[in-house]
file upload-v7.csv (CSV, C-alpha atoms)
chain,number,residue,atom,x,y,z
A,645,MET,CA,112.2,71.9,100.4
A,646,VAL,CA,112.7,75.5,99.3
A,647,LEU,CA,114.2,77.9,101.9
A,648,GLY,CA,113.6,81.1,100.0
A,649,GLY,CA,115.1,84.1,101.7
A,650,GLY,CA,114.0,84.7,105.3
A,651,GLY,CA,116.4,87.6,105.9
A,652,PHE,CA,117.5,87.7,109.5
A,653,ARG,CA,114.6,85.5,110.4
A,654,PHE,CA,116.2,82.4,108.9
A,655,GLY,CA,115.7,80.5,112.1
A,656,ILE,CA,112.2,79.7,111.1
A,657,TYR,CA,113.5,77.2,108.6
A,658,ILE,CA,115.3,75.2,111.2
A,659,GLY,CA,112.1,74.9,113.2
A,660,MET,CA,110.2,73.9,110.0
A,661,TYR,CA,112.8,71.2,109.2
A,662,ALA,CA,112.6,69.9,112.8
A,663,ALA,CA,108.8,69.4,112.5
A,664,LEU,CA,109.0,67.7,109.1
A,665,ARG,CA,111.8,65.4,110.4
A,666,GLN,CA,109.8,64.5,113.5
A,667,ALA,CA,106.8,63.6,111.3
A,668,GLY,CA,108.9,61.4,109.0
A,669,LYS,CA,108.6,64.0,106.2
A,670,ALA,CA,112.2,65.4,106.1
A,671,PRO,CA,113.2,66.5,102.6
A,672,ASP,CA,116.0,64.9,100.7
A,673,VAL,CA,117.2,68.2,99.3
A,674,LEU,CA,117.2,71.8,100.6
A,675,LEU,CA,117.1,74.4,97.9
A,676,ALA,CA,118.2,77.6,99.6
A,677,SER,CA,118.7,81.3,98.8
A,678,CYS,CA,119.8,84.4,100.7
A,679,GLY,CA,119.1,84.0,104.5
A,680,GLY,CA,117.7,80.5,103.9
A,681,ALA,CA,121.2,79.4,102.9
A,682,ILE,CA,122.4,80.0,106.5
A,683,ALA,CA,119.7,77.7,107.8
A,684,ALA,CA,120.4,75.1,105.1
A,685,ALA,CA,124.1,75.0,106.1
A,686,ILE,CA,123.3,74.5,109.8
A,687,ILE,CA,120.9,71.7,108.9
A,688,HIS,CA,123.4,70.1,106.6
A,689,ASN,CA,126.3,70.3,109.0
A,690,LEU,CA,124.5,69.3,112.2
A,691,PRO,CA,122.0,66.5,111.5
A,692,ASP,CA,120.5,66.5,115.0
A,693,PRO,CA,117.6,69.0,115.3
A,694,GLU,CA,118.4,69.8,118.9
A,695,THR,CA,122.0,70.6,118.0
A,696,GLN,CA,120.8,72.8,115.1
A,697,ARG,CA,118.5,74.7,117.4
A,698,LEU,CA,121.3,75.3,119.9
A,699,TRP,CA,123.7,76.5,117.3
A,700,LEU,CA,121.0,79.0,116.0
A,701,SER,CA,121.1,80.7,119.4
A,702,SER,CA,124.8,80.2,120.0
A,703,GLU,CA,127.2,82.9,121.3
A,704,GLU,CA,129.1,82.5,118.0
A,705,MET,CA,126.0,83.5,116.1
A,706,TYR,CA,125.4,86.5,118.4
A,707,GLY,CA,128.9,87.7,118.2
A,708,PHE,CA,128.8,87.5,114.4
A,709,TRP,CA,125.7,89.7,114.1
A,710,CYS,CA,127.1,92.1,116.6
A,711,SER,CA,130.1,92.6,114.4
A,712,LEU,CA,128.1,94.0,111.4
A,713,ARG,CA,129.0,97.7,110.8
A,714,SER,CA,127.5,100.5,108.7
A,715,THR,CA,129.6,101.9,105.8
A,716,ASP,CA,130.1,105.5,104.8
A,717,ARG,CA,127.2,104.9,102.3
A,718,ALA,CA,124.8,104.4,105.2
A,719,ALA,CA,124.1,108.2,105.6
A,720,LEU,CA,120.4,108.5,106.2
A,721,ALA,CA,119.6,111.3,103.9
A,722,GLY,CA,121.5,109.9,100.9
A,723,THR,CA,120.0,106.4,101.5
A,724,LEU,CA,116.5,107.7,101.5
A,725,MET,CA,117.1,109.8,98.4
A,726,ARG,CA,118.5,106.8,96.5
A,727,ALA,CA,115.5,104.7,97.7
A,728,ALA,CA,113.1,107.4,96.5
A,729,GLY,CA,114.8,107.5,93.1
A,730,ARG,CA,114.3,103.7,92.7
A,731,LYS,CA,110.7,104.0,93.8
A,732,LEU,CA,109.9,106.7,91.3
A,733,SER,CA,111.6,105.1,88.4
A,734,THR,CA,109.9,102.3,86.4
A,735,ALA,CA,113.1,101.4,84.4
A,736,ARG,CA,114.3,97.9,84.7
A,737,ALA,CA,118.0,97.8,85.6
A,738,PRO,CA,118.8,100.8,83.3
A,739,VAL,CA,122.5,101.0,84.2
A,740,VAL,CA,125.2,98.6,85.5
A,741,PRO,CA,124.9,99.0,89.3
A,742,ASP,CA,127.9,99.5,91.6
A,743,LEU,CA,127.7,96.3,93.7
A,744,PHE,CA,131.3,96.7,94.7
A,745,ASN,CA,131.1,100.0,96.6
A,746,ASP,CA,127.4,101.0,97.0
A,747,TYR,CA,126.2,99.1,100.0
A,748,LEU,CA,125.2,99.9,103.6
A,749,PHE,CA,126.8,97.3,105.9
A,750,GLU,CA,130.1,95.5,106.2
A,751,ILE,CA,129.9,91.8,106.9
A,752,PRO,CA,132.8,89.5,107.9
A,753,PRO,CA,134.1,87.2,105.2
A,754,GLN,CA,133.3,84.0,107.2
A,755,LEU,CA,129.8,83.1,108.5
A,756,PRO,CA,129.4,81.7,112.0
A,757,LEU,CA,128.6,78.2,110.7
A,758,PRO,CA,129.6,74.8,112.2
A,759,SER,CA,131.8,72.3,110.4
A,760,ALA,CA,130.1,69.1,109.4
A,761,VAL,CA,130.4,66.7,112.3
A,762,GLU,CA,128.5,63.7,110.9
A,763,THR,CA,127.4,62.3,107.5
A,764,PRO,CA,124.8,64.8,106.3
A,765,GLU,CA,121.2,63.6,106.2
A,766,VAL,CA,120.2,66.1,103.5
A,767,GLU,CA,121.7,67.4,100.3
A,768,VAL,CA,121.9,71.2,99.9
A,769,ALA,CA,121.8,73.3,96.7
A,770,ILE,CA,122.4,77.1,97.2
A,771,ILE,CA,121.5,79.9,94.8
A,772,ALA,CA,123.7,82.9,94.0
A,773,GLY,CA,124.2,85.1,90.9
A,774,LYS,CA,127.6,85.4,89.1
A,775,LEU,CA,128.3,89.0,88.0
A,776,LEU,CA,128.9,89.3,84.3
A,777,PHE,CA,130.5,92.7,84.6
A,778,GLY,CA,133.4,94.3,86.5
A,779,PRO,CA,134.0,97.6,88.3
A,780,GLU,CA,135.0,99.2,85.0
A,781,ASP,CA,131.4,98.7,83.7
A,782,VAL,CA,129.7,100.5,86.5
A,783,GLY,CA,127.4,103.3,85.5
A,784,GLN,CA,127.2,102.3,81.8
A,785,ARG,CA,123.8,102.0,80.2
A,786,ARG,CA,122.7,98.4,80.2
A,787,GLY,CA,120.5,98.3,77.1
A,788,GLN,CA,119.8,94.6,76.5
A,789,ARG,CA,122.9,93.3,78.2
A,790,LYS,CA,122.5,90.6,80.8
A,791,LEU,CA,124.4,91.3,84.1
A,792,TYR,CA,123.9,88.1,86.1
A,793,ALA,CA,124.1,84.3,85.6
A,794,GLU,CA,122.0,82.4,88.1
A,795,THR,CA,124.3,79.9,89.7
A,796,ILE,CA,123.5,76.8,91.8
A,797,PHE,CA,126.2,75.6,94.2
A,798,CYS,CA,125.6,71.9,94.7
A,799,ASN,CA,127.1,68.5,94.6
A,800,GLU,CA,127.7,66.6,91.3
A,801,ARG,CA,124.5,64.6,91.5
A,802,THR,CA,122.4,67.7,91.8
A,803,ALA,CA,124.5,69.4,89.0
A,804,ASN,CA,123.8,66.5,86.7
A,805,ALA,CA,120.0,66.7,87.4
A,806,LEU,CA,120.1,70.4,86.5
A,807,HIS,CA,122.3,69.9,83.4
A,808,GLY,CA,121.0,71.9,80.4
A,809,MET,CA,118.3,73.8,82.4
A,810,ASP,CA,117.9,77.5,81.7
A,811,SER,CA,117.4,80.0,84.5
A,812,PRO,CA,113.7,80.0,85.4
A,813,LEU,CA,113.8,83.8,84.9
A,814,ALA,CA,114.8,83.3,81.2
A,815,ASP,CA,111.1,82.8,80.5
A,816,GLU,CA,109.8,85.8,78.5
A,817,ARG,CA,107.0,86.2,81.0
A,818,TRP,CA,109.4,87.9,83.3
A,819,GLY,CA,110.2,90.7,80.9
A,820,GLN,CA,113.5,92.5,80.0
A,821,HIS,CA,115.4,91.8,83.1
A,822,ALA,CA,119.2,91.6,83.6
A,823,ILE,CA,119.5,87.8,84.2
A,824,ALA,CA,121.1,85.6,81.6
A,825,GLN,CA,119.4,82.6,80.0
A,826,ALA,CA,122.0,80.0,80.9
A,827,MET,CA,121.9,78.7,84.4
A,828,LEU,CA,125.3,77.6,85.9
A,829,THR,CA,126.2,75.0,88.4
A,830,ASP,CA,129.3,74.9,90.6
A,831,SER,CA,130.4,71.9,92.6
A,832,THR,CA,133.7,73.4,93.9
A,833,ALA,CA,132.4,75.5,96.9
A,834,SER,CA,131.7,74.0,100.3
A,835,VAL,CA,128.2,74.5,101.7
A,836,ASN,CA,129.5,77.2,104.1
A,837,GLU,CA,131.3,79.1,101.3
A,838,ALA,CA,128.1,78.9,99.1
A,839,ALA,CA,126.0,80.2,102.0
A,840,ARG,CA,128.3,83.3,102.3
A,841,LEU,CA,127.9,84.0,98.6
A,842,SER,CA,124.1,83.6,98.8
A,843,ILE,CA,123.6,86.3,101.5
A,844,ALA,CA,125.4,89.0,99.4
A,845,ASP,CA,122.2,91.0,99.1
A,846,MET,CA,122.4,94.1,96.9
A,847,ILE,CA,122.2,97.5,98.6
A,848,TYR,CA,122.8,95.9,102.0
A,849,PHE,CA,126.1,94.0,101.5
A,850,ARG,CA,129.0,94.1,99.0
A,851,SER,CA,129.1,91.5,96.2
A,852,ALA,CA,131.1,88.4,97.4
A,853,PRO,CA,134.3,87.3,95.7
A,854,TYR,CA,134.9,83.6,94.9
A,855,ARG,CA,137.7,82.1,92.7
A,856,GLY,CA,138.2,85.3,90.8
A,857,ASP,CA,134.5,86.0,90.2
A,858,GLU,CA,132.0,88.2,92.1
A,859,TYR,CA,128.6,87.1,93.2
A,860,ILE,CA,125.3,88.7,94.2
A,861,GLY,CA,123.2,86.8,96.6
A,862,GLY,CA,120.3,84.4,96.3
A,863,VAL,CA,117.9,87.4,96.2
A,864,LEU,CA,118.3,86.9,92.4
A,865,ASP,CA,115.8,84.0,92.7
A,866,LEU,CA,114.0,83.7,96.0
A,867,PHE,CA,111.2,81.6,94.5
A,868,PRO,CA,113.0,78.8,92.6
A,869,VAL,CA,109.9,76.5,92.3
A,870,GLU,CA,111.0,75.5,88.7
A,871,ILE,CA,114.4,74.3,90.0
A,872,ALA,CA,112.7,72.5,92.9
A,873,ARG,CA,110.5,70.6,90.5
A,874,ARG,CA,113.5,69.6,88.5
A,875,LEU,CA,115.2,68.2,91.7
A,876,GLY,CA,112.3,66.4,93.4
A,877,LYS,CA,109.0,64.6,92.9
A,878,GLU,CA,107.5,66.5,95.9
A,879,VAL,CA,108.1,70.1,96.7
A,880,ILE,CA,107.6,71.9,100.1
A,881,MET,CA,107.4,75.7,99.9
A,882,GLU,CA,106.3,78.6,102.0
A,883,PHE,CA,103.3,80.7,101.3
A,884,LYS,CA,105.2,84.0,101.7
A,885,GLU,CA,104.1,87.5,102.8
A,886,ALA,CA,104.0,90.4,100.5
A,887,PHE,CA,107.3,92.2,100.1
A,888,ASP,CA,108.0,95.8,101.1
A,889,GLN,CA,106.8,98.0,98.3
A,890,VAL,CA,108.9,101.0,99.2
A,891,PHE,CA,112.4,99.5,99.3
A,892,SER,CA,112.4,95.8,98.3
A,893,ILE,CA,110.4,95.8,95.1
A,894,PRO,CA,112.0,98.9,93.6
A,895,ALA,CA,115.5,97.5,94.5
A,896,TRP,CA,114.7,94.3,92.5
A,897,ARG,CA,113.5,96.4,89.6
A,898,SER,CA,116.5,98.8,89.7
A,899,VAL,CA,119.3,96.2,90.2
A,900,LEU,CA,117.9,93.0,88.7
A,901,GLY,CA,115.2,94.3,86.4
A,902,VAL,CA,112.8,91.7,87.9
A,903,ASP,CA,109.2,92.4,88.8
A,904,GLY,CA,109.2,91.0,92.3
A,905,ASN,CA,105.5,91.3,92.7
A,906,ALA,CA,104.8,89.1,89.7
A,907,ARG,CA,107.4,86.6,90.7
A,908,LEU,CA,105.9,86.4,94.2
A,909,ARG,CA,102.4,85.9,92.9
A,910,TYR,CA,103.6,83.1,90.7
A,911,ALA,CA,105.4,81.4,93.5
A,912,ASN,CA,102.4,81.6,95.9
A,913,SER,CA,100.0,80.2,93.3
A,914,HIS,CA,102.2,77.6,91.7
A,915,LEU,CA,101.2,74.2,92.9
A,916,ALA,CA,103.4,72.8,95.7
A,917,ASP,CA,102.8,69.5,97.4
A,918,MET,CA,103.0,71.1,100.9
A,919,ARG,CA,102.7,74.8,101.6
A,920,ILE,CA,103.9,76.2,104.9
A,921,ASP,CA,102.2,79.5,105.7
A,922,SER,CA,104.7,82.2,106.8
A,923,SER,CA,102.7,85.1,105.6
A,924,ASP,CA,102.4,86.8,109.0
A,925,VAL,CA,106.1,86.4,110.0
A,926,SER,CA,106.9,90.1,110.0
A,927,VAL,CA,104.0,90.8,112.4
A,928,VAL,CA,104.4,87.8,114.8
A,929,LEU,CA,108.2,88.1,114.8
A,930,GLU,CA,108.4,91.9,114.4
A,931,LYS,CA,111.2,92.3,116.9
A,932,GLN,CA,112.9,88.9,116.6
A,933,GLN,CA,115.6,89.9,114.2
A,934,LEU,CA,118.2,92.6,113.6
A,935,GLN,CA,116.6,96.0,113.6
A,936,GLN,CA,117.5,99.0,111.4
A,937,LYS,CA,117.9,102.0,113.6
A,938,LEU,CA,117.5,105.5,112.0
A,939,ASP,CA,119.8,107.9,113.8
A,940,TRP,CA,118.5,111.3,112.6
A,941,LEU,CA,120.9,113.3,114.7
A,942,ARG,CA,124.0,111.5,113.3
A,943,ASN,CA,122.4,111.0,109.8
A,944,ARG,CA,123.1,107.3,110.0
A,945,ILE,CA,121.4,104.0,109.4
A,946,GLU,CA,122.7,101.3,111.9
A,947,LEU,CA,121.9,97.7,112.6
A,948,GLN,CA,120.7,97.3,116.1
A,949,MET,CA,121.2,93.9,117.8
A,950,PRO,CA,119.2,92.8,120.9
A,951,PRO,CA,120.7,94.4,124.0
A,952,SER,CA,122.1,91.2,125.5
A,953,TYR,CA,122.9,87.6,124.5
A,954,ASP,CA,120.0,86.3,126.5
A,955,VAL,CA,117.5,88.5,124.6
A,956,PHE,CA,119.1,87.3,121.3
A,957,ALA,CA,118.8,83.7,122.3
A,958,GLN,CA,115.1,84.1,123.2
A,959,HIS,CA,114.5,85.8,119.8
A,960,MET,CA,116.1,82.9,118.0
A,961,ARG,CA,114.0,80.4,120.0
A,962,ASP,CA,111.0,82.4,119.0
A,963,GLN,CA,112.0,82.1,115.4
A,964,TRP,CA,112.5,78.3,115.7
A,965,GLN,CA,109.1,77.9,117.4
A,966,TYR,CA,107.3,79.9,114.8
A,967,GLY,CA,108.7,77.7,112.0
A,968,TYR,CA,108.0,74.5,114.0
A,969,GLU,CA,104.3,75.4,114.6
A,970,ARG,CA,103.7,76.6,111.0
A,971,ALA,CA,105.1,73.3,109.7
A,972,GLN,CA,102.9,71.4,112.0
A,973,GLU,CA,99.9,73.3,110.7
A,974,ALA,CA,100.9,72.3,107.1
A,975,LEU,CA,101.4,68.7,108.0
A,976,ALA,CA,97.8,68.6,109.4
A,977,ARG,CA,96.3,69.8,106.1
A,978,PRO,CA,95.4,67.4,103.3
A,979,PRO,CA,98.1,67.1,100.6
A,980,ARG,CA,98.3,69.9,98.1
A,981,GLN,CA,95.7,72.0,99.9
A,982,GLN,CA,96.6,75.7,99.9
A,983,PRO,CA,96.8,77.2,103.4
A,984,PRO,CA,93.9,79.5,104.4
A,985,VAL,CA,94.7,83.2,104.2
A,986,ARG,CA,96.3,84.3,107.4
A,987,ARG,CA,95.4,87.9,108.2
A,988,ALA,CA,98.2,89.3,110.2
A,989,ASN,CA,97.4,92.2,112.4
A,990,LYS,CA,99.0,94.4,114.9
A,991,TYR,CA,97.6,92.5,117.9
A,992,SER,CA,99.4,89.2,116.9
A,993,LYS,CA,101.9,88.3,119.6
A,994,PRO,CA,105.3,86.5,119.3
A,995,LEU,CA,105.2,82.8,119.9
A,996,SER,CA,106.6,81.4,123.1
A,997,SER,CA,109.7,79.1,123.1
A,998,ILE,CA,107.8,76.1,124.4
A,999,GLU,CA,109.7,72.9,123.6
A,1000,PRO,CA,107.9,70.4,121.4
call {"tool": "encode", "arguments": {"input": "upload-v7.csv", "output": "structure tokens"}}
result
Amino acid sequence: MVLGGGGFRFGIYIGMYAALRQAGKAPDVLLASCGGAIAAAIIHNLPDPETQRLWLSSEEMYGFWCSLRSTDRAALAGTLMRAAGRKLSTARAPVVPDLFNDYLFEIPPQLPLPSAVETPEVEVAIIAGKLLFGPEDVGQRRGQRKLYAETIFCNERTANALHGMDSPLADERWGQHAIAQAMLTDSTASVNEAARLSIADMIYFRSAPYRGDEYIGGVLDLFPVEIARRLGKEVIMEFKEAFDQVFSIPAWRSVLGVDGNARLRYANSHLADMRIDSSDVSVVLEKQQLQQKLDWLRNRIELQMPPSYDVFAQHMRDQWQYGYERAQEALARPPRQQPPVRRANKYSKPLSSIEP
């Protein structure tokens, strides 16, 4: 099962997994990137679905998100000007980006993840990108240079299955991006450490250090269908919504040199054995995540948490329920049938937190 992204709505994956497990369809391997890596770590460390759900809305999780702080770079005017520059430019990663200093939010070094309490029921592979440059290279013209090596943090069995495989993005169809051909595997990091590396999303957070190297997050490859096919005979993936065209797609092009639209179209059309439709998630769960607050008077961008722990816990229950119900829909469809197009609209309402 691919847990591709999810951002601050990663709780949907824990609900999806609960529905699959209840139906006897639990995956053997979770292939996770970015926010999905947090869900994968929770599922791996806490085999019981009810315990997973409770941890998702725990006070530890609430306290962690409340601790996020804006940096000096989160000035509203400057941020919007940089975003406009990326939007107007068609160049693919023209210069080596400053992933060490140019980011909006500070995040604690440790994620609020539980320790493994039982023998895991599922293996986890987590995606990040090793930086192939240092601070001294920032601002240089990239040319044909590759800046990132896609890295899979996994156990030795998974590493052996991926031995010799190139990065899916090495295919010439994805153009002159900044991702190296060779795909790396690393079996030294714990699941919790790998999850922290995977959420180091460019522009939002600083690159994450590990064993003398620096890593960008799993945003490098949010749709690793080729890797999933290498690891399993059956693949479960989302049918994902379109990405933001003003900020997200230009950021991918500017930092990674990747055409995010093309990669998303490929992922949504590439055959999966089960497709879970989450294409309306940003409408149905519009408020059930951290919100960015634009403070015009102070010229700041801030992350705004729910006003109380109770509201936060309800939001996480809503995320879980959304994922649970979408997976149930997928389970009811014939195998390999694509989900119908779900047309999200402004009248869609958040799901309740009714227990299954």
call {"tool": "residues_around", "arguments": {"input": "upload-v7.csv", "residues": "Ala805 of chain A", "least_positions_apart": "2", "cutoff": "8 Å", "atoms": "all atoms listed in the file", "output": "list of chain:residue names"}}
result
A:Arg801, A:Thr802, A:Ala803, A:His807, A:Arg874, A:Leu875
call {"tool": "closest_atom_pairs", "arguments": {"input": "upload-v7.csv", "of": "segment 815-919 of chain A", "to": "segment 715-733 of chain A", "cutoff": "9 Å", "atoms": "all atoms listed in the file", "output": "CSV"}}
result
residue,atom,partner,partner_atom,distance
A:Gln889,CA,A:Lys731,CA,8.5
A:Val890,CA,A:Lys731,CA,6.4
A:Phe891,CA,A:Ala727,CA,6.3
A:Ile893,CA,A:Lys731,CA,8.3
A:Pro894,CA,A:Lys731,CA,5.3
A:Ala895,CA,A:Arg730,CA,6.6
A:Arg897,CA,A:Arg730,CA,8.0
A:Ser898,CA,A:Arg730,CA,6.2
call {"tool": "residues_around", "arguments": {"input": "upload-v7.csv", "residues": "Pro741 of chain A", "least_positions_apart": "3", "cutoff": "10 Å", "atoms": "only C-alpha atoms", "output": "list in words"}}
result
Ala737, Pro738, Phe744, Asn745, Asp746, Phe777, Pro779, Asp781, Val782, Gly783, Gln784, Arg785, Arg786, Leu791, Met846, Ile847, Ser898, Val899 and Leu900 of chain A
call {"tool": "atom_distance", "arguments": {"input": "upload-v7.csv", "atom1": "atom CA of Met645 of chain A", "atom2": "atom CA of His914 of chain A"}}
result
14.4 Å
call {"tool": "residues_around", "arguments": {"input": "upload-v7.csv", "residues": "segment 750-757 of chain A", "least_positions_apart": "2", "cutoff": "7 Å", "atoms": "only C-alpha atoms", "output": "VMD selection string"}}
result
chain A and resid 686 704 to 705 708 712 to 715 759 836 840 849
call {"tool": "closest_residue", "arguments": {"input": "upload-v7.csv", "among": "A:Ser842, A:Asn799, A:Ser834, A:Gln933", "to": "Ser677 of chain A", "atoms": "only C-alpha atoms"}}
result
A:Ser842
call {"tool": "atom_distance", "arguments": {"input": "upload-v7.csv", "atom1": "atom CA of Asp830 of chain A", "atom2": "atom CA of Arg855 of chain A"}}
result
11.3 Å
call {"tool": "closest_residue", "arguments": {"input": "upload-v7.csv", "among": "A:Arg942, A:Arg736, A:Arg653, A:Arg919", "to": "Arg789 of chain A", "atoms": "only C-alpha atoms"}}
result
A:Arg736
